[in-house]
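What follows is one structure encoded as structure tokens, with my remarks underneath.
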Amino acid sequence: MIEVEHLRKSYGELIAVDSVSFAAHAGEIFGLLGPNGAGKTTTIGCICGLLVPSAGHVKVMRHDVVREGTAARANLGVVPQDIALYDDLSARENLAYWGGAQGMRSPKLRERIQQVLELTGLQDRAREPVKQFSGGMKRRLNFACGILHSPKVLLLDEPTVGVDPQSRVRLLDLVRAEAQAGTCVLYTTHYMEEAEALCDRLAIMDHGKVIAAGTLTELRSMLAERDLLRLTGMFSPQAARTAIQQIDSVEILQSDESLLLLSLAGASQKLPAIFAALAAAGAELRGTTLTQPSLESLFIKLTGKELRE
């Protein structure tokens, strides 16, 4: 449904996407996970035809998005990160506008508008101007506009940014329902917990590159069941490194004056030795967080830093 081969997008000397390749299939939620600035939105822009790739190829439903743009976009739905609504129009009027832009006509359009309003829980507010909506309601309406024409391929770019917990739960349930109906969903996020809860397969991006890809199980296996230990306080980085390096099978992922990130197996058994070594090195320990293998610990292992907002 989506084929991306060696995609590259550059702006002068700035390379936003660097030789990215992946494929997504019908009924699958494929996640692009990474911090803001990783290249996720640029990749989405190239897939939907808003941006022209500098190199590589992108196909949607086997149609090249550059050479066969109209055919590629015929069954494509997009929910952008920036809300694409007209504030002075009502929810129903916004849906009618976007449905018309997709070539939908009444009575089918009226019927489908009512369906998506009910799906997103906005049927009681359908005639109110969007400017009176909360942020979560706008996000839900933004989603409704993207699925109105029942696309076979759905691109979701950070669809839950800034929403309330209730709207987030409803949106995630809607995403799952789309995939269960056979839609190919490409989902970009920098929320680790969303990616773990939703996605069948994932590609982790950073600085325009895919640094790891696979199922959640495959990605977790890259950690070899190693825990992530996060220590905060006041450290002399070199002294802390020297002290920790004396302890077997402990890998230092990040070390600075206020943070020490360690990857290790059987962390609970090694904590006393770690604390004693750091105390002897003059460290002042203020906080300790122990995390089992997860996407976040994999990201830190691959990049040497925590996920940036």
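As shown in the structure tokens, the chain order sets the letters A, B, ...; within each chain, residues go from 1, and ligands are also counted from 1 in the order they appear.
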Please identify all polymer residues within 9 Å of Val79 (chain A), counting only C-alpha atoms, omitting same-chain residues fewer than 4 positions from it, and present them as a PDB file with N, CA and C atoms, in the first residue's frame.
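Output file selection_15.pdb follows:
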```pdb
ATOM      1  N   ILE A  83      -3.558  21.599  12.600  1.00  0.00           N
ATOM      2  CA  ILE A  83      -4.991  21.417  12.396  1.00  0.00           C
ATOM      3  C   ILE A  83      -5.449  22.172  11.155  1.00  0.00           C
ATOM      4  N   ALA A  84      -6.104  21.454  10.230  1.00  0.00           N
ATOM      5  CA  ALA A  84      -6.535  22.021   8.944  1.00  0.00           C
ATOM      6  C   ALA A  84      -8.045  22.209   8.944  1.00  0.00           C
ATOM      7  N   ASN A 142     -10.364  17.119  13.071  1.00  0.00           N
ATOM      8  CA  ASN A 142      -9.277  17.001  12.102  1.00  0.00           C
ATOM      9  C   ASN A 142      -9.167  15.564  11.604  1.00  0.00           C
ATOM     10  N   PHE A 143      -9.291  14.611  12.541  1.00  0.00           N
ATOM     11  CA  PHE A 143      -9.260  13.190  12.193  1.00  0.00           C
ATOM     12  C   PHE A 143     -10.470  12.824  11.342  1.00  0.00           C
ATOM     13  N   ALA A 144     -11.628  13.325  11.711  1.00  0.00           N
ATOM     14  CA  ALA A 144     -12.850  13.022  10.957  1.00  0.00           C
ATOM     15  C   ALA A 144     -12.737  13.476   9.505  1.00  0.00           C
ATOM     16  N   CYS A 145     -12.119  14.633   9.288  1.00  0.00           N
ATOM     17  CA  CYS A 145     -11.935  15.122   7.917  1.00  0.00           C
ATOM     18  C   CYS A 145     -11.032  14.180   7.119  1.00  0.00           C
ATOM     19  N   GLY A 146     -10.053  13.583   7.783  1.00  0.00           N
ATOM     20  CA  GLY A 146      -9.113  12.704   7.099  1.00  0.00           C
ATOM     21  C   GLY A 146      -9.696  11.367   6.703  1.00  0.00           C
ATOM     22  N   ILE A 147     -10.705  10.887   7.458  1.00  0.00           N
ATOM     23  CA  ILE A 147     -11.285   9.572   7.160  1.00  0.00           C
ATOM     24  C   ILE A 147     -12.641   9.663   6.472  1.00  0.00           C
ATOM     25  N   LEU A 154      -4.072   5.764   5.087  1.00  0.00           N
ATOM     26  CA  LEU A 154      -4.295   6.889   5.990  1.00  0.00           C
ATOM     27  C   LEU A 154      -2.966   7.317   6.610  1.00  0.00           C
ATOM     28  N   LEU A 155      -2.605   8.588   6.422  1.00  0.00           N
ATOM     29  CA  LEU A 155      -1.377   9.152   6.985  1.00  0.00           C
ATOM     30  C   LEU A 155      -1.742  10.014   8.185  1.00  0.00           C
ATOM     31  N   LEU A 156      -1.223   9.662   9.339  1.00  0.00           N
ATOM     32  CA  LEU A 156      -1.516  10.382  10.579  1.00  0.00           C
ATOM     33  C   LEU A 156      -0.220  10.974  11.123  1.00  0.00           C
ATOM     34  N   ASP A 157      -0.132  12.297  11.122  1.00  0.00           N
ATOM     35  CA  ASP A 157       1.089  12.973  11.557  1.00  0.00           C
ATOM     36  C   ASP A 157       0.863  13.599  12.931  1.00  0.00           C
ATOM     37  N   GLU A 158       1.362  12.929  13.966  1.00  0.00           N
ATOM     38  CA  GLU A 158       1.233  13.402  15.356  1.00  0.00           C
ATOM     39  C   GLU A 158      -0.219  13.784  15.665  1.00  0.00           C
ATOM     40  N   PRO A 159      -1.190  12.883  15.490  1.00  0.00           N
ATOM     41  CA  PRO A 159      -2.598  13.256  15.607  1.00  0.00           C
ATOM     42  C   PRO A 159      -3.078  13.544  17.017  1.00  0.00           C
TER      43      PRO A 159
END
```
| message | Need the shell around Ser10 (chain A): protein/DNA/RNA residues with any atom at most 9 Å away, counting only C-alpha atoms. Skip same-chain ones fewer than 6 positions apart. Format as a list in words? | response |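 Counting only the stated atoms, we get Ala16, Val17, Asp18, Pro53, Ser54 and Ala55 of chain A.
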| query | Counting only C-alpha atoms, which of A:Leu202, A:Val153, A:Val163, A:Val20 gets nearest to Leu32 (chain A)? | reply |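 Ranking A:Leu202, A:Val153, A:Val163, A:Val20 by distance to Leu32 (chain A), first place goes to A:Leu202.
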| request: From a DSSP pass on the backbone, collect the residues of region 41-182 of chain A flagged as alpha helix (DSSP H) and hand them back as a ChimeraX atom specification. | output: /A:41-48,69-73,91-101,108-119,135-147,165-180
| message | Env of Val4 (chain A): 6 Å cut, atoms = only C-alpha atoms, seq-sep filter 3 positions within chain, self excluded. Answer as an MDAnalysis selection string. | response | chainID A and resid 21:22 58
So that I have them on file, write out the residues from the current selection with N, CA and C atoms, as a CSV table (one decimal), in the first residue's frame.
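Writing the result to result-v4.csv gives the following:
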```csv
chain,number,residue,atom,x,y,z
A,21,SER,N,13.9,3.9,3.7
A,21,SER,CA,13.1,2.9,3.0
A,21,SER,C,12.3,2.1,4.0
A,22,PHE,N,11.0,1.9,3.6
A,22,PHE,CA,10.1,1.0,4.3
A,22,PHE,C,8.9,0.7,3.5
A,58,VAL,N,8.6,7.0,-4.1
A,58,VAL,CA,7.5,6.7,-3.2
A,58,VAL,C,6.3,6.3,-4.0
```
| request: Pick out the residues sitting within 8 Å of region 72-77 of chain A, and hand them over as a list in words; count only C-alpha atoms, and ignore anything fewer than 4 positions along from it in its own chain. | output: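 With the cut-off at 8 Å, the set is Cys48, Gly49, Lys59, Val60, Met61, Arg62, His63, Asp64, Val65, Glu68, Gly146, Ile147, His149, Ser150, Pro151, Lys152, Val153, Leu154 and Leu155 of chain A.
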| A:Gly45, A:Gly103, A:Gly135, A:Gly37: which is nearest Arg168 (chain A), counting only C-alpha atoms? | A:Gly135
| message | Residues near region 184-200 of chain A, anyone? I mean within 10 Å using only C-alpha atoms, not counting same-chain ones fewer than 6 positions away, as a ChimeraX atom specification. | response | /A:1-2,23-36,38,40-41,43-44,76-79,81,151-161,168,172-173,175-176,178,214-217,294-296,299,307-309
| message | Considering only C-alpha atoms, can you say which of A:Gly162, A:Tyr86, A:Leu302, A:Cys46 comes closest to Asp206 (chain A)? | response | A:Leu302
